[in-house]
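Listing of target_4.cif; format and content: mmCIF, N, CA, C and O atoms.
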```cif
data_run
#
loop_
_atom_site.label_atom_id
_atom_site.label_comp_id
_atom_site.auth_asym_id
_atom_site.auth_seq_id
_atom_site.Cartn_x
_atom_site.Cartn_y
_atom_site.Cartn_z
N MET F 1 352.92 147.35 178.40
CA MET F 1 354.10 147.95 179.02
C MET F 1 355.18 148.24 177.98
O MET F 1 355.85 149.26 178.06
N LYS F 2 355.34 147.35 176.99
CA LYS F 2 356.34 147.57 175.96
C LYS F 2 356.03 148.81 175.14
O LYS F 2 356.93 149.52 174.72
N ASN F 3 354.74 149.06 174.92
CA ASN F 3 354.33 150.21 174.13
C ASN F 3 354.72 151.51 174.83
O ASN F 3 355.21 152.43 174.19
N LYS F 4 354.51 151.58 176.15
CA LYS F 4 354.87 152.78 176.90
C LYS F 4 356.39 152.97 176.91
O LYS F 4 356.88 154.09 176.84
N THR F 5 357.13 151.89 177.01
CA THR F 5 358.59 151.97 176.98
C THR F 5 359.07 152.48 175.64
O THR F 5 359.97 153.34 175.57
N MET F 6 358.47 152.00 174.55
CA MET F 6 358.86 152.45 173.21
C MET F 6 358.54 153.93 173.02
O MET F 6 359.36 154.67 172.48
N ILE F 7 357.38 154.37 173.50
CA ILE F 7 357.02 155.79 173.41
C ILE F 7 358.01 156.64 174.21
O ILE F 7 358.45 157.69 173.75
N GLY F 8 358.40 156.17 175.38
CA GLY F 8 359.38 156.88 176.20
C GLY F 8 360.72 157.01 175.49
O GLY F 8 361.36 158.06 175.53
N HIS F 9 361.15 155.94 174.85
CA HIS F 9 362.42 155.97 174.11
C HIS F 9 362.34 156.93 172.92
O HIS F 9 363.30 157.67 172.64
N ILE F 10 361.23 156.92 172.22
CA ILE F 10 361.06 157.82 171.07
C ILE F 10 361.07 159.28 171.54
O ILE F 10 361.73 160.13 170.94
N LEU F 11 360.35 159.57 172.61
CA LEU F 11 360.32 160.94 173.13
C LEU F 11 361.70 161.38 173.62
O LEU F 11 362.11 162.53 173.43
N ALA F 12 362.43 160.47 174.25
CA ALA F 12 363.80 160.79 174.69
C ALA F 12 364.70 161.08 173.49
O ALA F 12 365.50 162.02 173.51
N PHE F 13 364.56 160.29 172.43
CA PHE F 13 365.35 160.51 171.21
C PHE F 13 365.03 161.86 170.58
O PHE F 13 365.94 162.60 170.18
N VAL F 14 363.75 162.21 170.52
CA VAL F 14 363.35 163.51 169.96
C VAL F 14 363.93 164.64 170.80
O VAL F 14 364.46 165.62 170.26
N CYS F 15 363.87 164.50 172.11
CA CYS F 15 364.42 165.52 173.01
C CYS F 15 365.93 165.67 172.79
O CYS F 15 366.44 166.79 172.72
N ILE F 16 366.63 164.58 172.67
CA ILE F 16 368.08 164.61 172.45
C ILE F 16 368.40 165.28 171.12
O ILE F 16 369.34 166.09 171.02
N MET F 17 367.64 164.98 170.09
CA MET F 17 367.88 165.59 168.77
C MET F 17 367.65 167.10 168.80
O MET F 17 368.44 167.86 168.26
N ILE F 18 366.57 167.52 169.46
CA ILE F 18 366.29 168.96 169.55
C ILE F 18 367.36 169.65 170.38
O ILE F 18 367.89 170.69 170.00
N TRP F 19 367.69 169.07 171.52
CA TRP F 19 368.69 169.66 172.41
C TRP F 19 370.04 169.75 171.71
O TRP F 19 370.75 170.76 171.80
N GLY F 20 370.42 168.71 171.01
CA GLY F 20 371.70 168.69 170.31
C GLY F 20 371.77 169.68 169.16
O GLY F 20 372.83 170.25 168.87
N SER F 21 370.66 169.90 168.51
CA SER F 21 370.66 170.81 167.37
C SER F 21 370.67 172.28 167.79
O SER F 21 371.01 173.15 166.99
N THR F 22 370.30 172.58 169.03
CA THR F 22 370.26 173.98 169.45
C THR F 22 371.64 174.61 169.48
O THR F 22 371.78 175.80 169.19
N PHE F 23 372.67 173.85 169.81
CA PHE F 23 374.02 174.41 169.85
C PHE F 23 374.46 174.81 168.44
O PHE F 23 374.95 175.92 168.23
N VAL F 24 374.26 173.92 167.49
CA VAL F 24 374.65 174.20 166.11
C VAL F 24 373.85 175.37 165.55
O VAL F 24 374.40 176.28 164.93
N SER F 25 372.54 175.35 165.77
CA SER F 25 371.71 176.43 165.23
C SER F 25 372.05 177.77 165.91
O SER F 25 372.02 178.81 165.26
N SER F 26 372.40 177.74 167.18
CA SER F 26 372.79 178.98 167.87
C SER F 26 374.05 179.56 167.26
O SER F 26 374.16 180.77 167.08
N LYS F 27 375.03 178.71 166.97
CA LYS F 27 376.27 179.19 166.37
C LYS F 27 376.01 179.82 165.00
O LYS F 27 376.61 180.84 164.65
N ILE F 28 375.11 179.24 164.23
CA ILE F 28 374.77 179.78 162.91
C ILE F 28 374.02 181.10 163.07
O ILE F 28 374.29 182.08 162.37
N LEU F 29 373.07 181.13 164.00
CA LEU F 29 372.25 182.33 164.19
C LEU F 29 373.02 183.50 164.78
O LEU F 29 372.62 184.65 164.64
N LEU F 30 374.15 183.23 165.44
CA LEU F 30 374.95 184.31 166.01
C LEU F 30 375.56 185.20 164.93
O LEU F 30 376.00 186.31 165.23
N ASP F 31 375.57 184.73 163.69
CA ASP F 31 376.02 185.58 162.59
C ASP F 31 375.01 186.68 162.28
O ASP F 31 375.36 187.72 161.75
N SER F 32 373.73 186.43 162.61
CA SER F 32 372.67 187.39 162.30
C SER F 32 372.13 188.14 163.51
O SER F 32 371.58 189.23 163.37
N PHE F 33 372.22 187.54 164.70
CA PHE F 33 371.66 188.12 165.91
C PHE F 33 372.74 188.29 166.97
O PHE F 33 373.72 187.56 166.97
N THR F 34 372.50 189.23 167.89
CA THR F 34 373.38 189.34 169.04
C THR F 34 373.00 188.23 170.03
O THR F 34 371.89 187.68 169.96
N PRO F 35 373.89 187.89 170.95
CA PRO F 35 373.55 186.85 171.93
C PRO F 35 372.29 187.18 172.75
O PRO F 35 371.49 186.29 173.04
N ILE F 36 372.09 188.46 173.09
CA ILE F 36 370.90 188.84 173.86
C ILE F 36 369.63 188.63 173.04
O ILE F 36 368.63 188.13 173.55
N GLU F 37 369.66 189.03 171.76
CA GLU F 37 368.50 188.83 170.90
C GLU F 37 368.18 187.35 170.74
O GLU F 37 367.03 186.93 170.83
N LEU F 38 369.21 186.56 170.53
CA LEU F 38 369.02 185.12 170.38
C LEU F 38 368.48 184.50 171.66
O LEU F 38 367.60 183.64 171.62
N LEU F 39 368.98 184.95 172.79
CA LEU F 39 368.49 184.45 174.08
C LEU F 39 367.02 184.78 174.26
O LEU F 39 366.23 183.92 174.67
N PHE F 40 366.62 186.01 173.94
CA PHE F 40 365.22 186.41 174.06
C PHE F 40 364.34 185.57 173.14
O PHE F 40 363.27 185.11 173.55
N ILE F 41 364.76 185.36 171.91
CA ILE F 41 363.98 184.56 170.96
C ILE F 41 363.82 183.14 171.47
O ILE F 41 362.72 182.57 171.42
N ARG F 42 364.90 182.55 171.98
CA ARG F 42 364.82 181.17 172.49
C ARG F 42 363.89 181.08 173.70
O ARG F 42 363.11 180.14 173.83
N PHE F 43 363.99 182.05 174.61
CA PHE F 43 363.09 182.04 175.76
C PHE F 43 361.64 182.21 175.34
O PHE F 43 360.75 181.56 175.88
N PHE F 44 361.40 183.08 174.36
CA PHE F 44 360.03 183.31 173.89
C PHE F 44 359.45 182.05 173.24
O PHE F 44 358.31 181.67 173.52
N ILE F 45 360.24 181.39 172.41
CA ILE F 45 359.79 180.14 171.79
C ILE F 45 359.53 179.08 172.85
O ILE F 45 358.53 178.36 172.81
N GLY F 46 360.42 178.97 173.82
CA GLY F 46 360.22 178.01 174.91
C GLY F 46 358.99 178.31 175.73
O GLY F 46 358.22 177.41 176.10
N PHE F 47 358.77 179.60 176.01
CA PHE F 47 357.59 180.00 176.78
C PHE F 47 356.31 179.65 176.03
O PHE F 47 355.37 179.11 176.62
N LEU F 48 356.26 179.96 174.74
CA LEU F 48 355.07 179.63 173.95
C LEU F 48 354.83 178.12 173.90
O LEU F 48 353.70 177.66 174.01
N THR F 49 355.91 177.37 173.75
CA THR F 49 355.78 175.91 173.72
C THR F 49 355.23 175.38 175.03
O THR F 49 354.34 174.52 175.04
N LEU F 50 355.74 175.88 176.14
CA LEU F 50 355.24 175.44 177.44
C LEU F 50 353.78 175.84 177.65
O LEU F 50 353.00 175.08 178.23
N CYS F 51 353.40 177.02 177.18
CA CYS F 51 352.00 177.46 177.30
C CYS F 51 351.07 176.57 176.49
O CYS F 51 349.95 176.29 176.92
N ILE F 52 351.53 176.12 175.34
CA ILE F 52 350.71 175.25 174.50
C ILE F 52 350.62 173.85 175.10
O ILE F 52 349.54 173.26 175.16
N LEU F 53 351.73 173.33 175.59
CA LEU F 53 351.75 171.96 176.12
C LEU F 53 351.11 171.85 177.50
O LEU F 53 350.53 170.82 177.84
N SER F 54 351.23 172.89 178.30
CA SER F 54 350.68 172.86 179.65
C SER F 54 350.13 174.25 180.00
O SER F 54 350.81 175.05 180.63
N PRO F 55 348.88 174.52 179.60
CA PRO F 55 348.35 175.88 179.76
C PRO F 55 348.02 176.28 181.20
O PRO F 55 347.79 177.44 181.47
N LYS F 56 348.00 175.34 182.14
CA LYS F 56 347.67 175.72 183.52
C LYS F 56 348.90 176.28 184.23
O LYS F 56 350.03 175.96 183.90
N ILE F 57 348.68 177.12 185.20
CA ILE F 57 349.76 177.77 185.94
C ILE F 57 350.31 176.81 186.99
O ILE F 57 349.55 176.18 187.73
N LEU F 58 351.62 176.70 187.04
CA LEU F 58 352.29 175.85 188.01
C LEU F 58 352.35 176.55 189.35
O LEU F 58 352.83 177.68 189.45
N LYS F 59 351.83 175.91 190.38
CA LYS F 59 351.89 176.48 191.73
C LYS F 59 353.00 175.78 192.50
O LYS F 59 353.04 174.57 192.60
N LEU F 60 353.92 176.58 193.00
CA LEU F 60 355.05 176.03 193.73
C LEU F 60 354.65 175.71 195.16
O LEU F 60 353.80 176.36 195.75
N GLU F 61 355.31 174.69 195.68
CA GLU F 61 355.02 174.24 197.04
C GLU F 61 355.51 175.25 198.08
O GLU F 61 354.85 175.50 199.06
N ASN F 62 356.70 175.79 197.87
CA ASN F 62 357.24 176.75 198.84
C ASN F 62 358.17 177.75 198.15
O ASN F 62 358.51 177.61 196.99
N ARG F 63 358.59 178.77 198.88
CA ARG F 63 359.44 179.83 198.35
C ARG F 63 360.83 179.31 197.97
O ARG F 63 361.46 179.82 197.06
N LYS F 64 361.32 178.32 198.70
CA LYS F 64 362.65 177.78 198.45
C LYS F 64 362.75 177.24 197.02
O LYS F 64 363.75 177.46 196.34
N ASP F 65 361.71 176.55 196.55
CA ASP F 65 361.70 176.05 195.17
C ASP F 65 361.79 177.19 194.17
O ASP F 65 362.52 177.11 193.18
N GLU F 66 361.05 178.26 194.42
CA GLU F 66 361.05 179.40 193.51
C GLU F 66 362.44 180.04 193.43
O GLU F 66 362.91 180.39 192.35
N ILE F 67 363.13 180.15 194.55
CA ILE F 67 364.47 180.71 194.57
C ILE F 67 365.43 179.84 193.77
O ILE F 67 366.25 180.33 193.00
N TRP F 68 365.31 178.51 193.92
CA TRP F 68 366.16 177.60 193.16
C TRP F 68 365.90 177.72 191.65
O TRP F 68 366.84 177.68 190.85
N TYR F 69 364.64 177.87 191.25
CA TYR F 69 364.31 178.03 189.83
C TYR F 69 364.91 179.34 189.28
O TYR F 69 365.44 179.36 188.17
N ILE F 70 364.81 180.39 190.04
CA ILE F 70 365.36 181.67 189.61
C ILE F 70 366.88 181.58 189.48
O ILE F 70 367.46 182.03 188.48
N LEU F 71 367.55 181.01 190.47
CA LEU F 71 369.00 180.86 190.41
C LEU F 71 369.43 179.97 189.25
O LEU F 71 370.42 180.25 188.56
N SER F 72 368.69 178.91 188.99
CA SER F 72 369.00 178.03 187.85
C SER F 72 368.87 178.78 186.54
O SER F 72 369.71 178.65 185.64
N GLY F 73 367.80 179.56 186.40
CA GLY F 73 367.60 180.33 185.18
C GLY F 73 368.69 181.36 184.97
O GLY F 73 369.22 181.51 183.87
N LEU F 74 369.05 182.08 186.03
CA LEU F 74 370.10 183.10 185.91
C LEU F 74 371.45 182.47 185.60
O LEU F 74 372.23 183.01 184.81
N THR F 75 371.73 181.33 186.20
CA THR F 75 372.99 180.64 185.93
C THR F 75 373.04 180.19 184.48
O THR F 75 374.07 180.33 183.81
N GLY F 76 371.94 179.67 183.98
CA GLY F 76 371.88 179.24 182.58
C GLY F 76 372.10 180.40 181.63
O GLY F 76 372.81 180.28 180.63
N VAL F 77 371.49 181.53 181.91
CA VAL F 77 371.67 182.72 181.07
C VAL F 77 373.12 183.18 181.12
O VAL F 77 373.72 183.49 180.10
N PHE F 78 373.70 183.20 182.30
CA PHE F 78 375.10 183.61 182.45
C PHE F 78 376.02 182.72 181.65
O PHE F 78 376.89 183.19 180.91
N LEU F 79 375.86 181.41 181.77
CA LEU F 79 376.71 180.48 181.05
C LEU F 79 376.50 180.58 179.54
O LEU F 79 377.44 180.50 178.77
N TYR F 80 375.25 180.76 179.13
CA TYR F 80 374.95 180.87 177.71
C TYR F 80 375.62 182.09 177.10
O TYR F 80 376.25 182.00 176.04
N LEU F 81 375.54 183.22 177.77
CA LEU F 81 376.11 184.45 177.23
C LEU F 81 377.63 184.45 177.26
O LEU F 81 378.28 185.07 176.44
N ASN F 82 378.22 183.75 178.22
CA ASN F 82 379.68 183.73 178.32
C ASN F 82 380.34 182.71 177.39
O ASN F 82 381.50 182.85 177.06
N TYR F 83 379.61 181.70 176.99
CA TYR F 83 380.21 180.65 176.16
C TYR F 83 379.62 180.58 174.77
O TYR F 83 379.85 179.65 174.04
N SER F 84 378.84 181.57 174.38
CA SER F 84 378.28 181.55 173.02
C SER F 84 379.11 182.39 172.09
O SER F 84 379.97 183.12 172.43
#
```

Spit out the file's structure as structure tokens when you get a sec.
Amino acid sequence: MKNKTMIGHILAFVCIMIWGSTFVSSKILLDSFTPIELLFIRFFIGFLTLCILSPKILKLENRKDEIWYILSGLTGVFLYLNYS
């Protein structure tokens, strides 16, 4: 049990480091790319990563979940473009 807890903590730390570094790297990359280009590149990298880590297609339980995912994605894009 301790081993699984340690692995969980390590993975959480890695996630926090990656998430925290994206803000700094985005600010640096905005000198070379427009916000739309940077957004597309980040989505493409994320999509490829998800395809590699989980190659099977996710089937949603109902339409309501799909609508929430779309709204969450659009809200994230809106906030990213307005505050970058």

Output as number ranges by chain all residues of chain F that backbone DSSP marks as alpha helix (DSSP H). F: 2-29, 35-53, 63-83

Which polymer residues have any atom within 8 Å of an atom of Leu38 of chain F, counting all atoms listed in the file, with same-chain residues fewer than 6 positions away left out, as a list in words?
-> Ser26, Leu29, Leu30, Ser32, Phe44 and Ile45 of chain F

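A straight line drawn from atom O of Ile36 of chain F to atom O of Gly73 of chain F is 12.3 Å long.
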
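In this model, the gap between atom C of Ile41 of chain F and atom C of Ile10 of chain F comes to 24.0 Å.
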
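Our summary of the geometry notes that atom O of Leu39 of chain F is positioned 24.4 Å from atom O of Asn62 of chain F.
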
Residues around (352.7, 180.9, 180.4), cut-off 12 Å, counting only C-alpha atoms - what are they as a PyMOL selection string? chain F and resi 43-58
